[in-house]
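Trainee: Coordinates in upload.cif, mmCIF, C-alpha atoms and all ligand atoms, are listed below.
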data_protein
#
loop_
_atom_site.group_PDB
_atom_site.id
_atom_site.type_symbol
_atom_site.label_atom_id
_atom_site.label_comp_id
_atom_site.auth_asym_id
_atom_site.auth_seq_id
_atom_site.Cartn_x
_atom_site.Cartn_y
_atom_site.Cartn_z
ATOM 1 C CA MET A 1 -56.310 123.767 -42.994
ATOM 2 C CA ILE A 2 -53.636 126.297 -43.699
ATOM 3 C CA SER A 3 -53.153 129.106 -41.293
ATOM 4 C CA SER A 4 -51.430 132.064 -42.820
ATOM 5 C CA LEU A 5 -49.581 134.793 -41.037
ATOM 6 C CA GLN A 6 -48.813 137.852 -43.083
ATOM 7 C CA ASP A 7 -46.876 139.166 -40.159
ATOM 8 C CA GLY A 8 -44.045 136.681 -39.908
ATOM 9 C CA SER A 9 -42.999 137.836 -36.466
ATOM 10 C CA GLU A 10 -44.213 134.653 -34.836
ATOM 11 C CA PHE A 11 -44.061 131.109 -36.066
ATOM 12 C CA PRO A 12 -46.766 129.149 -34.317
ATOM 13 C CA VAL A 13 -47.167 125.443 -34.712
ATOM 14 C CA SER A 14 -50.722 124.232 -35.110
ATOM 15 C CA PRO A 15 -52.006 121.940 -32.353
ATOM 16 C CA SER A 16 -51.944 118.995 -34.725
ATOM 17 C CA GLY A 17 -48.533 120.008 -35.985
ATOM 18 C CA ALA A 18 -49.925 119.452 -39.460
ATOM 19 C CA ILE A 19 -49.787 122.382 -41.841
ATOM 20 C CA ILE A 20 -48.664 125.812 -41.009
ATOM 21 C CA GLU A 21 -47.910 128.517 -43.436
ATOM 22 C CA VAL A 22 -45.792 131.411 -42.396
ATOM 23 C CA THR A 23 -45.265 134.282 -44.729
ATOM 24 C CA PHE A 24 -42.282 136.519 -44.822
ATOM 25 C CA GLY A 25 -43.086 139.872 -46.297
ATOM 26 C CA VAL A 26 -41.925 141.626 -49.398
ATOM 27 C CA GLN A 27 -39.886 144.601 -50.211
ATOM 28 C CA ASN A 28 -38.492 147.506 -48.359
ATOM 29 C CA LYS A 29 -36.607 149.527 -50.928
ATOM 30 C CA SER A 30 -35.046 151.918 -48.493
ATOM 31 C CA ALA A 31 -33.458 149.114 -46.495
ATOM 32 C CA LEU A 32 -32.110 147.582 -49.682
ATOM 33 C CA GLU A 33 -30.824 150.886 -50.931
ATOM 34 C CA LEU A 34 -29.130 151.486 -47.607
ATOM 35 C CA LEU A 35 -27.416 148.099 -47.803
ATOM 36 C CA ASP A 36 -26.436 148.751 -51.390
ATOM 37 C CA GLY A 37 -24.842 151.972 -50.252
ATOM 38 C CA LEU A 38 -22.847 149.977 -47.741
ATOM 39 C CA GLY A 39 -21.758 147.621 -50.498
ATOM 40 C CA LEU A 40 -23.470 144.710 -48.828
ATOM 41 C CA PHE A 41 -25.293 143.462 -51.833
ATOM 42 C CA ARG A 42 -24.903 143.405 -55.567
ATOM 43 C CA ARG A 43 -27.423 144.133 -58.213
ATOM 44 C CA ALA A 44 -29.271 141.129 -59.552
ATOM 45 C CA GLY A 45 -27.589 139.456 -62.468
ATOM 46 C CA PHE A 46 -24.154 140.965 -61.887
ATOM 47 C CA TYR A 47 -22.468 137.639 -61.268
ATOM 48 C CA ASN A 48 -24.888 135.688 -63.407
ATOM 49 C CA ASN A 49 -23.629 137.473 -66.473
ATOM 50 C CA LEU A 50 -20.067 136.321 -66.074
ATOM 51 C CA PRO A 51 -19.113 134.498 -69.260
ATOM 52 C CA GLY A 52 -18.725 130.746 -69.338
ATOM 53 C CA ARG A 53 -20.491 130.005 -66.099
ATOM 54 C CA GLY A 54 -24.064 129.667 -67.257
ATOM 55 C CA LEU A 55 -26.051 126.527 -67.848
ATOM 56 C CA SER A 56 -28.639 126.806 -70.522
ATOM 57 C CA LEU A 57 -31.990 125.875 -69.098
ATOM 58 C CA ASN A 58 -32.985 122.344 -69.778
ATOM 59 C CA GLN A 59 -31.406 122.147 -73.200
ATOM 60 C CA MET A 60 -31.566 118.481 -73.772
ATOM 61 C CA GLY A 61 -34.674 116.781 -72.524
ATOM 62 C CA LYS A 62 -37.757 116.814 -70.411
ATOM 63 C CA LEU A 63 -35.771 116.907 -67.225
ATOM 64 C CA ALA A 64 -32.350 118.101 -66.162
ATOM 65 C CA LEU A 65 -31.355 116.938 -62.694
ATOM 66 C CA ARG A 66 -28.475 118.865 -61.191
ATOM 67 C CA CYS A 67 -26.866 116.966 -58.308
ATOM 68 C CA PHE A 68 -25.466 119.770 -56.168
ATOM 69 C CA GLY A 69 -24.389 117.371 -53.437
ATOM 70 C CA VAL A 70 -24.041 113.605 -53.460
ATOM 71 C CA GLY A 71 -22.346 113.217 -50.051
ATOM 72 C CA ASP A 72 -23.806 111.427 -47.043
ATOM 73 C CA GLY A 73 -24.345 112.724 -43.516
ATOM 74 C CA TRP A 74 -20.724 112.349 -42.382
ATOM 75 C CA PRO A 75 -18.324 115.232 -42.760
ATOM 76 C CA CYS A 76 -17.167 114.936 -46.358
ATOM 77 C CA ALA A 77 -13.942 116.411 -47.704
ATOM 78 C CA ASP A 78 -14.696 115.229 -51.210
ATOM 79 C CA ARG A 79 -18.445 115.628 -51.591
ATOM 80 C CA ASN A 80 -21.113 118.230 -50.886
ATOM 81 C CA HIS A 81 -24.168 117.426 -48.815
ATOM 82 C CA ALA A 82 -27.582 116.530 -50.190
ATOM 83 C CA SER A 83 -29.180 118.984 -52.609
ATOM 84 C CA PHE A 84 -30.819 118.254 -55.959
ATOM 85 C CA LEU A 85 -32.338 120.598 -58.508
ATOM 86 C CA TYR A 86 -34.979 119.140 -60.814
ATOM 87 C CA ARG A 87 -35.535 121.374 -63.841
ATOM 88 C CA PHE A 88 -38.475 120.602 -66.058
ATOM 89 C CA ASP A 89 -39.515 122.697 -69.062
ATOM 90 C CA GLN A 90 -41.483 125.200 -67.026
ATOM 91 C CA VAL A 91 -40.842 124.313 -63.409
ATOM 92 C CA SER A 92 -37.779 123.906 -61.191
ATOM 93 C CA ILE A 93 -37.795 122.415 -57.749
ATOM 94 C CA LEU A 94 -34.962 122.064 -55.291
ATOM 95 C CA VAL A 95 -34.969 119.007 -53.045
ATOM 96 C CA ASP A 96 -32.953 119.476 -49.850
ATOM 97 C CA CYS A 97 -30.427 122.153 -49.020
ATOM 98 C CA GLY A 98 -27.271 120.500 -47.760
ATOM 99 C CA GLU A 99 -24.278 122.800 -47.648
ATOM 100 C CA PRO A 100 -22.749 124.432 -49.650
ATOM 101 C CA VAL A 101 -25.784 124.753 -51.902
ATOM 102 C CA SER A 102 -25.545 128.544 -52.075
ATOM 103 C CA SER A 103 -22.051 128.304 -53.510
ATOM 104 C CA SER A 104 -23.002 125.518 -55.923
ATOM 105 C CA TYR A 105 -26.047 127.450 -57.029
ATOM 106 C CA LYS A 106 -23.966 130.547 -57.677
ATOM 107 C CA ALA A 107 -21.489 128.519 -59.708
ATOM 108 C CA SER A 108 -24.324 127.088 -61.824
ATOM 109 C CA GLY A 109 -25.078 130.574 -63.146
ATOM 110 C CA LEU A 110 -28.795 129.905 -62.945
ATOM 111 C CA PRO A 111 -31.012 132.924 -62.306
ATOM 112 C CA TYR A 112 -32.125 133.500 -58.741
ATOM 113 C CA ASP A 113 -35.792 133.348 -59.683
ATOM 114 C CA ALA A 114 -35.436 129.945 -61.340
ATOM 115 C CA ILE A 115 -36.461 127.839 -58.349
ATOM 116 C CA ASP A 116 -40.229 127.527 -57.960
ATOM 117 C CA ARG A 117 -40.303 125.558 -54.724
ATOM 118 C CA ILE A 118 -38.000 123.976 -52.182
ATOM 119 C CA PHE A 119 -38.731 120.623 -50.562
ATOM 120 C CA ILE A 120 -36.896 119.564 -47.408
ATOM 121 C CA SER A 121 -37.063 115.817 -46.755
ATOM 122 C CA HIS A 122 -36.117 115.948 -43.061
ATOM 123 C CA LEU A 123 -34.274 118.157 -40.629
ATOM 124 C CA HIS A 124 -30.840 116.556 -40.357
ATOM 125 C CA PHE A 125 -28.182 119.132 -41.070
ATOM 126 C CA ASP A 126 -26.800 117.382 -44.127
ATOM 127 C CA HIS A 127 -30.171 118.253 -45.704
ATOM 128 C CA ILE A 128 -30.833 121.734 -44.298
ATOM 129 C CA ALA A 129 -27.594 123.454 -43.285
ATOM 130 C CA GLY A 130 -27.214 125.213 -46.636
ATOM 131 C CA PHE A 131 -30.736 126.627 -46.537
ATOM 132 C CA PHE A 132 -29.865 129.702 -44.517
ATOM 133 C CA MET A 133 -26.993 130.876 -46.702
ATOM 134 C CA LEU A 134 -29.170 130.160 -49.728
ATOM 135 C CA MET A 135 -31.806 132.540 -48.296
ATOM 136 C CA GLN A 136 -29.174 135.190 -47.608
ATOM 137 C CA GLY A 137 -28.087 134.730 -51.218
ATOM 138 C CA PHE A 138 -31.664 135.059 -52.467
ATOM 139 C CA TRP A 139 -31.952 138.290 -50.514
ATOM 140 C CA LEU A 140 -28.696 139.791 -51.745
ATOM 141 C CA GLU A 141 -29.244 138.653 -55.334
ATOM 142 C CA GLN A 142 -32.722 140.187 -55.159
ATOM 143 C CA ARG A 143 -34.886 137.223 -55.873
ATOM 144 C CA LYS A 144 -38.388 138.465 -56.655
ATOM 145 C CA LYS A 145 -40.575 135.397 -57.009
ATOM 146 C CA THR A 146 -42.544 134.010 -54.062
ATOM 147 C CA LEU A 147 -40.746 130.991 -52.626
ATOM 148 C CA PRO A 148 -42.786 128.251 -50.973
ATOM 149 C CA VAL A 149 -40.634 125.977 -48.815
ATOM 150 C CA HIS A 150 -42.170 122.621 -47.921
ATOM 151 C CA LEU A 151 -40.631 120.991 -44.887
ATOM 152 C CA PRO A 152 -41.416 118.897 -41.841
ATOM 153 C CA ALA A 153 -43.671 121.061 -39.664
ATOM 154 C CA ALA A 154 -41.247 120.856 -36.722
ATOM 155 C CA GLY A 155 -38.802 122.978 -38.717
ATOM 156 C CA ILE A 156 -41.072 125.924 -39.443
ATOM 157 C CA LYS A 157 -40.737 127.807 -36.182
ATOM 158 C CA PRO A 158 -36.952 127.324 -35.747
ATOM 159 C CA PHE A 159 -36.260 128.152 -39.400
ATOM 160 C CA GLY A 160 -38.091 131.460 -38.979
ATOM 161 C CA GLN A 161 -36.347 132.172 -35.694
ATOM 162 C CA LEU A 162 -32.913 131.489 -37.122
ATOM 163 C CA LEU A 163 -33.545 133.736 -40.132
ATOM 164 C CA ASN A 164 -34.552 136.493 -37.730
ATOM 165 C CA ALA A 165 -31.579 135.866 -35.423
ATOM 166 C CA ALA A 166 -29.302 136.060 -38.453
ATOM 167 C CA MET A 167 -30.991 139.340 -39.407
ATOM 168 C CA VAL A 168 -32.274 138.045 -42.706
ATOM 169 C CA PHE A 169 -35.501 139.872 -41.924
ATOM 170 C CA LYS A 170 -38.618 139.587 -44.047
ATOM 171 C CA GLU A 171 -38.449 143.359 -44.600
ATOM 172 C CA LEU A 172 -35.143 142.928 -46.431
ATOM 173 C CA LEU A 173 -36.450 140.325 -48.828
ATOM 174 C CA GLN A 174 -37.896 141.322 -52.171
ATOM 175 C CA PHE A 175 -39.662 138.000 -52.353
ATOM 176 C CA ARG A 176 -42.213 136.344 -50.185
ATOM 177 C CA LEU A 177 -40.855 133.338 -48.303
ATOM 178 C CA ARG A 178 -43.553 130.933 -47.258
ATOM 179 C CA PHE A 179 -43.150 127.828 -45.113
ATOM 180 C CA GLU A 180 -45.565 124.936 -45.389
ATOM 181 C CA GLY A 181 -45.568 121.699 -43.402
ATOM 182 C CA LEU A 182 -45.323 118.553 -45.504
ATOM 183 C CA ARG A 183 -48.180 116.110 -45.250
ATOM 184 C CA ALA A 184 -47.777 112.501 -46.321
ATOM 185 C CA GLY A 185 -49.771 111.737 -49.459
ATOM 186 C CA LYS A 186 -50.745 115.353 -50.068
ATOM 187 C CA ALA A 187 -49.652 116.493 -53.518
ATOM 188 C CA VAL A 188 -48.079 119.883 -54.147
ATOM 189 C CA VAL A 189 -48.725 120.925 -57.745
ATOM 190 C CA THR A 190 -46.857 123.574 -59.716
ATOM 191 C CA ARG A 191 -47.937 124.146 -63.313
ATOM 192 C CA GLY A 192 -48.337 120.469 -64.048
ATOM 193 C CA VAL A 193 -45.472 119.184 -61.897
ATOM 194 C CA ARG A 194 -46.803 117.166 -58.983
ATOM 195 C CA VAL A 195 -44.757 116.340 -55.896
ATOM 196 C CA VAL A 196 -46.168 113.848 -53.401
ATOM 197 C CA PRO A 197 -44.345 113.293 -50.096
ATOM 198 C CA TYR A 198 -44.368 109.816 -48.559
ATOM 199 C CA ARG A 199 -43.249 109.009 -45.075
ATOM 200 C CA SER A 200 -39.992 107.102 -44.678
ATOM 201 C CA SER A 201 -38.827 105.257 -41.567
ATOM 202 C CA HIS A 202 -35.421 106.987 -41.596
ATOM 203 C CA LEU A 203 -35.955 108.558 -38.162
ATOM 204 C CA ALA A 204 -37.958 105.727 -36.592
ATOM 205 C CA GLN A 205 -35.125 104.533 -34.331
ATOM 206 C CA LEU A 206 -34.340 108.028 -33.118
ATOM 207 C CA LYS A 207 -38.010 108.609 -32.504
ATOM 208 C CA LYS A 208 -38.239 105.499 -30.374
ATOM 209 C CA ALA A 209 -35.225 106.489 -28.322
ATOM 210 C CA PHE A 210 -35.849 110.219 -27.913
ATOM 211 C CA GLN A 211 -39.437 111.202 -28.508
ATOM 212 C CA LYS A 212 -40.310 111.093 -24.824
ATOM 213 C CA LYS A 213 -37.693 113.668 -24.006
ATOM 214 C CA TYR A 214 -37.977 115.578 -27.281
ATOM 215 C CA PRO A 215 -41.655 115.433 -28.195
ATOM 216 C CA GLN A 216 -41.515 116.267 -31.867
ATOM 217 C CA ARG A 217 -42.661 114.350 -34.895
ATOM 218 C CA PHE A 218 -39.408 112.986 -36.286
ATOM 219 C CA ASP A 219 -40.785 113.340 -39.817
ATOM 220 C CA SER A 220 -38.825 112.146 -42.814
ATOM 221 C CA PHE A 221 -40.137 112.006 -46.362
ATOM 222 C CA SER A 222 -39.423 110.562 -49.787
ATOM 223 C CA PHE A 223 -40.909 112.242 -52.853
ATOM 224 C CA LEU A 224 -42.726 111.072 -55.938
ATOM 225 C CA ILE A 225 -42.355 113.691 -58.664
ATOM 226 C CA GLU A 226 -44.620 113.534 -61.701
ATOM 227 C CA ALA A 227 -44.420 115.804 -64.740
ATOM 228 C CA GLY A 228 -46.770 114.788 -67.504
ATOM 229 C CA ARG A 229 -46.013 111.133 -68.064
ATOM 230 C CA VAL A 230 -42.582 111.302 -66.489
ATOM 231 C CA ARG A 231 -42.436 109.694 -63.031
ATOM 232 C CA ILE A 232 -39.470 110.165 -60.734
ATOM 233 C CA GLY A 233 -38.825 108.773 -57.288
ATOM 234 C CA HIS A 234 -36.529 110.655 -54.916
ATOM 235 C CA SER A 235 -35.761 108.527 -51.888
ATOM 236 C CA ALA A 236 -34.037 111.123 -49.684
ATOM 237 C CA ASP A 237 -32.974 109.201 -46.541
ATOM 238 C CA LEU A 238 -34.655 105.884 -45.845
ATOM 239 C CA GLY A 239 -34.888 103.544 -42.896
ATOM 240 C CA ARG A 240 -35.096 100.444 -45.087
ATOM 241 C CA PRO A 241 -35.492 99.718 -48.801
ATOM 242 C CA GLU A 242 -39.187 98.901 -48.314
ATOM 243 C CA ASP A 243 -39.824 102.608 -47.630
ATOM 244 C CA LEU A 244 -39.661 102.982 -51.433
ATOM 245 C CA GLU A 245 -42.823 100.923 -51.924
ATOM 246 C CA PRO A 246 -45.243 103.839 -52.508
ATOM 247 C CA LEU A 247 -42.900 105.277 -55.147
ATOM 248 C CA LEU A 248 -42.718 101.982 -57.002
ATOM 249 C CA LYS A 249 -46.414 101.266 -57.310
ATOM 250 C CA LYS A 250 -46.214 102.350 -60.939
ATOM 251 C CA PRO A 251 -43.209 102.302 -63.311
ATOM 252 C CA LEU A 252 -40.545 104.950 -62.720
ATOM 253 C CA ASP A 253 -38.546 106.742 -65.394
ATOM 254 C CA LEU A 254 -35.933 107.643 -62.828
ATOM 255 C CA LEU A 255 -35.176 106.692 -59.242
ATOM 256 C CA VAL A 256 -32.744 108.872 -57.299
ATOM 257 C CA CYS A 257 -31.843 106.672 -54.383
ATOM 258 C CA GLU A 258 -29.687 106.935 -51.302
ATOM 259 C CA LEU A 259 -27.186 104.234 -50.391
ATOM 260 C CA ALA A 260 -26.193 104.918 -46.816
ATOM 261 C CA HIS A 261 -28.575 103.263 -44.386
ATOM 262 C CA PHE A 262 -28.530 99.615 -45.410
ATOM 263 C CA LYS A 263 -26.367 97.156 -47.220
ATOM 264 C CA ALA A 264 -26.049 97.695 -50.957
ATOM 265 C CA GLU A 265 -26.946 94.045 -51.509
ATOM 266 C CA ASP A 266 -30.229 94.447 -49.626
ATOM 267 C CA LEU A 267 -31.202 97.523 -51.631
ATOM 268 C CA PHE A 268 -30.200 96.038 -54.977
ATOM 269 C CA ARG A 269 -32.078 92.827 -54.178
ATOM 270 C CA TYR A 270 -35.148 94.890 -53.352
ATOM 271 C CA LEU A 271 -34.894 96.908 -56.570
ATOM 272 C CA LYS A 272 -34.127 93.967 -58.832
ATOM 273 C CA ARG A 273 -36.708 93.421 -61.552
ATOM 274 C CA ARG A 274 -38.640 96.522 -60.571
ATOM 275 C CA ASP A 275 -40.030 98.600 -63.398
ATOM 276 C CA ILE A 276 -37.451 101.407 -63.265
ATOM 277 C CA LYS A 277 -35.848 102.863 -66.380
ATOM 278 C CA ARG A 278 -32.827 104.339 -64.675
ATOM 279 C CA ILE A 279 -31.374 104.594 -61.174
ATOM 280 C CA VAL A 280 -29.090 107.309 -59.882
ATOM 281 C CA PHE A 281 -27.424 106.365 -56.609
ATOM 282 C CA VAL A 282 -26.441 109.203 -54.273
ATOM 283 C CA HIS A 283 -25.663 109.730 -50.583
ATOM 284 C CA LEU A 284 -23.310 106.736 -50.624
ATOM 285 C CA THR A 285 -21.882 105.834 -47.273
ATOM 286 C CA ARG A 286 -18.108 106.201 -47.258
ATOM 287 C CA PRO A 287 -17.057 102.576 -47.831
ATOM 288 C CA TYR A 288 -19.298 102.373 -50.909
ATOM 289 C CA TRP A 289 -17.993 105.718 -52.203
ATOM 290 C CA GLU A 290 -14.357 104.836 -51.588
ATOM 291 C CA ASN A 291 -14.827 101.566 -53.417
ATOM 292 C CA LEU A 292 -16.980 103.026 -56.165
ATOM 293 C CA GLN A 293 -15.751 100.630 -58.811
ATOM 294 C CA LYS A 294 -16.824 97.667 -56.699
ATOM 295 C CA THR A 295 -20.163 99.287 -55.879
ATOM 296 C CA ARG A 296 -20.792 99.899 -59.584
ATOM 297 C CA GLN A 297 -19.943 96.315 -60.439
ATOM 298 C CA LEU A 298 -22.270 94.990 -57.764
ATOM 299 C CA ALA A 299 -25.106 97.186 -59.048
ATOM 300 C CA ALA A 300 -24.492 96.057 -62.632
ATOM 301 C CA LYS A 301 -24.516 92.433 -61.522
ATOM 302 C CA MET A 302 -27.557 92.597 -59.248
ATOM 303 C CA LEU A 303 -29.649 95.026 -61.318
ATOM 304 C CA PRO A 304 -29.359 93.660 -64.841
ATOM 305 C CA GLY A 305 -31.260 95.713 -67.379
ATOM 306 C CA ILE A 306 -31.453 98.839 -65.237
ATOM 307 C CA PRO A 307 -28.832 101.475 -66.135
ATOM 308 C CA CYS A 308 -27.328 102.787 -62.898
ATOM 309 C CA SER A 309 -25.179 105.827 -62.361
ATOM 310 C CA PHE A 310 -23.232 107.272 -59.466
ATOM 311 C CA PRO A 311 -22.850 110.994 -60.159
ATOM 312 C CA ARG A 312 -20.330 113.341 -58.628
ATOM 313 C CA ASP A 313 -21.184 116.769 -57.238
ATOM 314 C CA ASN A 314 -22.685 119.213 -59.731
ATOM 315 C CA GLU A 315 -23.112 116.566 -62.382
ATOM 316 C CA GLU A 316 -26.223 117.045 -64.487
ATOM 317 C CA ILE A 317 -28.387 114.163 -65.594
ATOM 318 C CA THR A 318 -30.963 114.546 -68.334
ATOM 319 C CA ILE A 319 -33.815 112.321 -69.327
HETATM 320 ZN ZN ZN B 401 -28.743 112.367 -45.004
#
Output the file's structure as structure tokens, nothing else.
Mentor:
Amino acid sequence: MISSLQDGSEFPVSPSGAIIEVTFGVQNKSALELLDGLGLFRRAGFYNNLPGRGLSLNQMGKLALRCFGVGDGWPCADRNHASFLYRFDQVSILVDCGEPVSSSYKASGLPYDAIDRIFISHLHFDHIAGFFMLMQGFWLEQRKKTLPVHLPAAGIKPFGQLLNAAMVFKELLQFRLRFEGLRAGKAVVTRGVRVVPYRSSHLAQLKKAFQKKYPQRFDSFSFLIEAGRVRIGHSADLGRPEDLEPLLKKPLDLLVCELAHFKAEDLFRYLKRRDIKRIVFVHLTRPYWENLQKTRQLAAKMLPGIPCSFPRDNEEITI
């Protein structure tokens, strides 16, 4: 069941904590005009039209994956936090909103209506902290298209409250912002692109230690993304390599996999001889990132026949 609130003034959580949909409203021209008068926002497209900054949409293949942030959860001076834009022919989805995604998005030159949906894997700040500035950016850049945001249900109420506290009110937005709780195994389909969340054990230890005092769900998800015959696994943060099992039931064209919560050897051993056409490793824990050459060599040795890459921030990968 989906409960929908047109009035986004409250953000209730359903008794089961399962799916809640909260809708932020649409436009209020006078408020926008007032802010424009104060110089607080710019007309849509102003910055996007700057020469030399644009990416042409999906020029080269069926998928362009833009890695906005390949850093891990530690403070990173040299990498952004987790955020990945998957652009298919007709559909674009953003997975996670680590900071500074708003800045990276601006630099990409992509239009502000390009993103069809946002998926948040879990609520650690290296995956969500950029969300709020991204929403302020969507407001000021006058995004128009409805934006469904799929996230662990425990985040829905606080996300709404923080937007309100930061005065990014629904009345200011020219688009409808809708929050939906993720449900394991339940597909979200957008014009032929299917995203299925699967539970990962990333937060299992924290849950064990803290759930009594903090009775929330400690949800964390990986995603299987299917577009036509193309199958992509996005690990987000895992507890152990075996969390990938549901994504690997059928051959993958691409696996985007974290490398922070277990030994590289254990992950590579697990992935060896799996039917995966290409692996992109991200979210490397610092020792693996600082010794990238060694990490690459180990991957090449332990995963023969599977091309592996280790992108930097804002690198684009096409398949
Ligand atoms: Zn993380």
Trainee: Can you give me, as a ChimeraX atom specification, the residues this file yields under the PyMOL selection byres (((not hetatm)) within 7 of (chain B and resi 401))?
Mentor: /A:72-73,82,124,126-127,237,283
Trainee: Can you tell me which residues surround Val256 in chain A at a distance of at most 6 Å, considering all atoms listed in the file, apart from same-chain residues fewer than 4 positions away, and format the answer as a list in words?
Mentor: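 The neighbour list is His234, Ile279, Val280 and Phe281 of chain A.
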Trainee: Show which residues sit within 8 Å of range 263-267 of chain A, as a compact mmCIF listing (two decimals) with C-alpha atoms, in the frame of the given file. Count all atoms listed in the file, and ignore same-chain residues fewer than 5 positions away.
Mentor:
# COMPACT_ATOMS: atom_id res chain seq x y z
CA PRO A 241 -35.49 99.72 -48.80
CA THR A 295 -20.16 99.29 -55.88
CA LEU A 298 -22.27 94.99 -57.76
CA MET A 302 -27.56 92.60 -59.25
Trainee: Expand the PyMOL selection byres (((chain A and resi 117) around 7) and not hetatm) into the individual residues it matches in the shown file, reporting them as JSON, numbers by chain.
Mentor: {"A": [93, 94, 115, 116, 118, 119, 147, 148, 149]}
Trainee: Determine the residue membership of the PyMOL selection byres (((chain A and resi 216) around 10) and not hetatm) for the file above and supply it as a ChimeraX atom specification.
Mentor: /A:17,153-155,207,210-215,217-219
Trainee: For Cys257 in chain A, please output as a ChimeraX atom specification all residues within 12 Å (counting all atoms listed in the file; exclusion window: fewer than 4 positions along the same chain).
Mentor: /A:70,72,82,84,222-224,232-238,240-241,243-244,247,261-262,264,267-268,271,276,278-284,308-311
Trainee: Which residue, A:Ala209, A:Asp275, A:Arg194, A:Val188, has the smallest gap to Ile306 in chain A when you use all atoms listed in the file?
Mentor: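 Checking each candidate against Ile306 in chain A, we get A:Asp275 as the closest.
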Trainee: Find, counting all atoms listed in the file, the residue in A:Met167, A:Leu63, A:Val195, A:Met133 that gets nearest to Ser121 in chain A.
Mentor: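 For Ser121 in chain A, the nearest of the candidates is A:Val195.
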Trainee: Counting all atoms listed in the file, find residues at most 12 Å from (-33.3, 99.2, -68.3) (file frame) and give them as a compact mmCIF listing (two decimals) with C-alpha atoms, in the coordinates of the input.
Mentor:
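What ended up in point-v5.txt:
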# COMPACT_ATOMS: atom_id res chain seq x y z
CA PRO A 251 -43.21 102.30 -63.31
CA LEU A 252 -40.54 104.95 -62.72
CA ASP A 253 -38.55 106.74 -65.39
CA LEU A 254 -35.93 107.64 -62.83
CA LEU A 255 -35.18 106.69 -59.24
CA LYS A 272 -34.13 93.97 -58.83
CA ARG A 273 -36.71 93.42 -61.55
CA ARG A 274 -38.64 96.52 -60.57
CA ASP A 275 -40.03 98.60 -63.40
CA ILE A 276 -37.45 101.41 -63.26
CA LYS A 277 -35.85 102.86 -66.38
CA ARG A 278 -32.83 104.34 -64.68
CA ILE A 279 -31.37 104.59 -61.17
CA ALA A 300 -24.49 96.06 -62.63
CA LEU A 303 -29.65 95.03 -61.32
CA PRO A 304 -29.36 93.66 -64.84
CA GLY A 305 -31.26 95.71 -67.38
CA ILE A 306 -31.45 98.84 -65.24
CA PRO A 307 -28.83 101.48 -66.14
CA CYS A 308 -27.33 102.79 -62.90
Trainee: Hey, can you check how far CA of Ser220 in chain A sits from CA of Tyr198 in chain A?
Mentor: 8.3 Å
Trainee: Compile the contact shell of Arg286 in chain A as an mmCIF file with C-alpha atoms, keeping the file's coordinate frame: residues with an atom at most 9 Å away, counting all atoms listed in the file, same-chain residues fewer than 3 positions apart removed.
Mentor:
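Listing of selection.cif after writing:
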data_model
loop_
_atom_site.group_PDB
_atom_site.id
_atom_site.type_symbol
_atom_site.label_atom_id
_atom_site.label_comp_id
_atom_site.auth_asym_id
_atom_site.auth_seq_id
_atom_site.Cartn_x
_atom_site.Cartn_y
_atom_site.Cartn_z
ATOM 1 C CA GLY A 71 -22.346 113.217 -50.051
ATOM 2 C CA ASP A 72 -23.806 111.427 -47.043
ATOM 3 C CA TRP A 74 -20.724 112.349 -42.382
ATOM 4 C CA CYS A 76 -17.167 114.936 -46.358
ATOM 5 C CA ALA A 260 -26.193 104.918 -46.816
ATOM 6 C CA HIS A 283 -25.663 109.730 -50.583
ATOM 7 C CA TRP A 289 -17.993 105.718 -52.203
ATOM 8 C CA GLU A 290 -14.357 104.836 -51.588
ATOM 9 C CA ASN A 291 -14.827 101.566 -53.417
#
Trainee: Figure out the distance between CA of Arg199 in chain A and CA of Gly185 in chain A, please, to one decimal in Å.
Mentor: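 Result for CA of Gly185 in chain A versus CA of Arg199 in chain A: 8.3 Å, one decimal.
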Trainee: For CA of Pro100 in chain A and CA of Asp313 in chain A, quote the distance in Å rounded to one decimal.
Mentor: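 CA of Pro100 in chain A sits 10.9 Å away from CA of Asp313 in chain A.
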Trainee: Residues within 12 Å of Tyr105 in chain A, please, as a count of residues only. Count all atoms listed in the file; anything in the same chain fewer than 6 positions from it doesn't count.
Mentor: 31
Trainee: Of the candidates A:Lys250, A:Leu203, A:Phe132, A:Tyr270, which one gets nearest to Ala165 in chain A if we count only C-alpha atoms?
Mentor: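 Counting only C-alpha atoms, the residue closest to Ala165 in chain A is A:Phe132.
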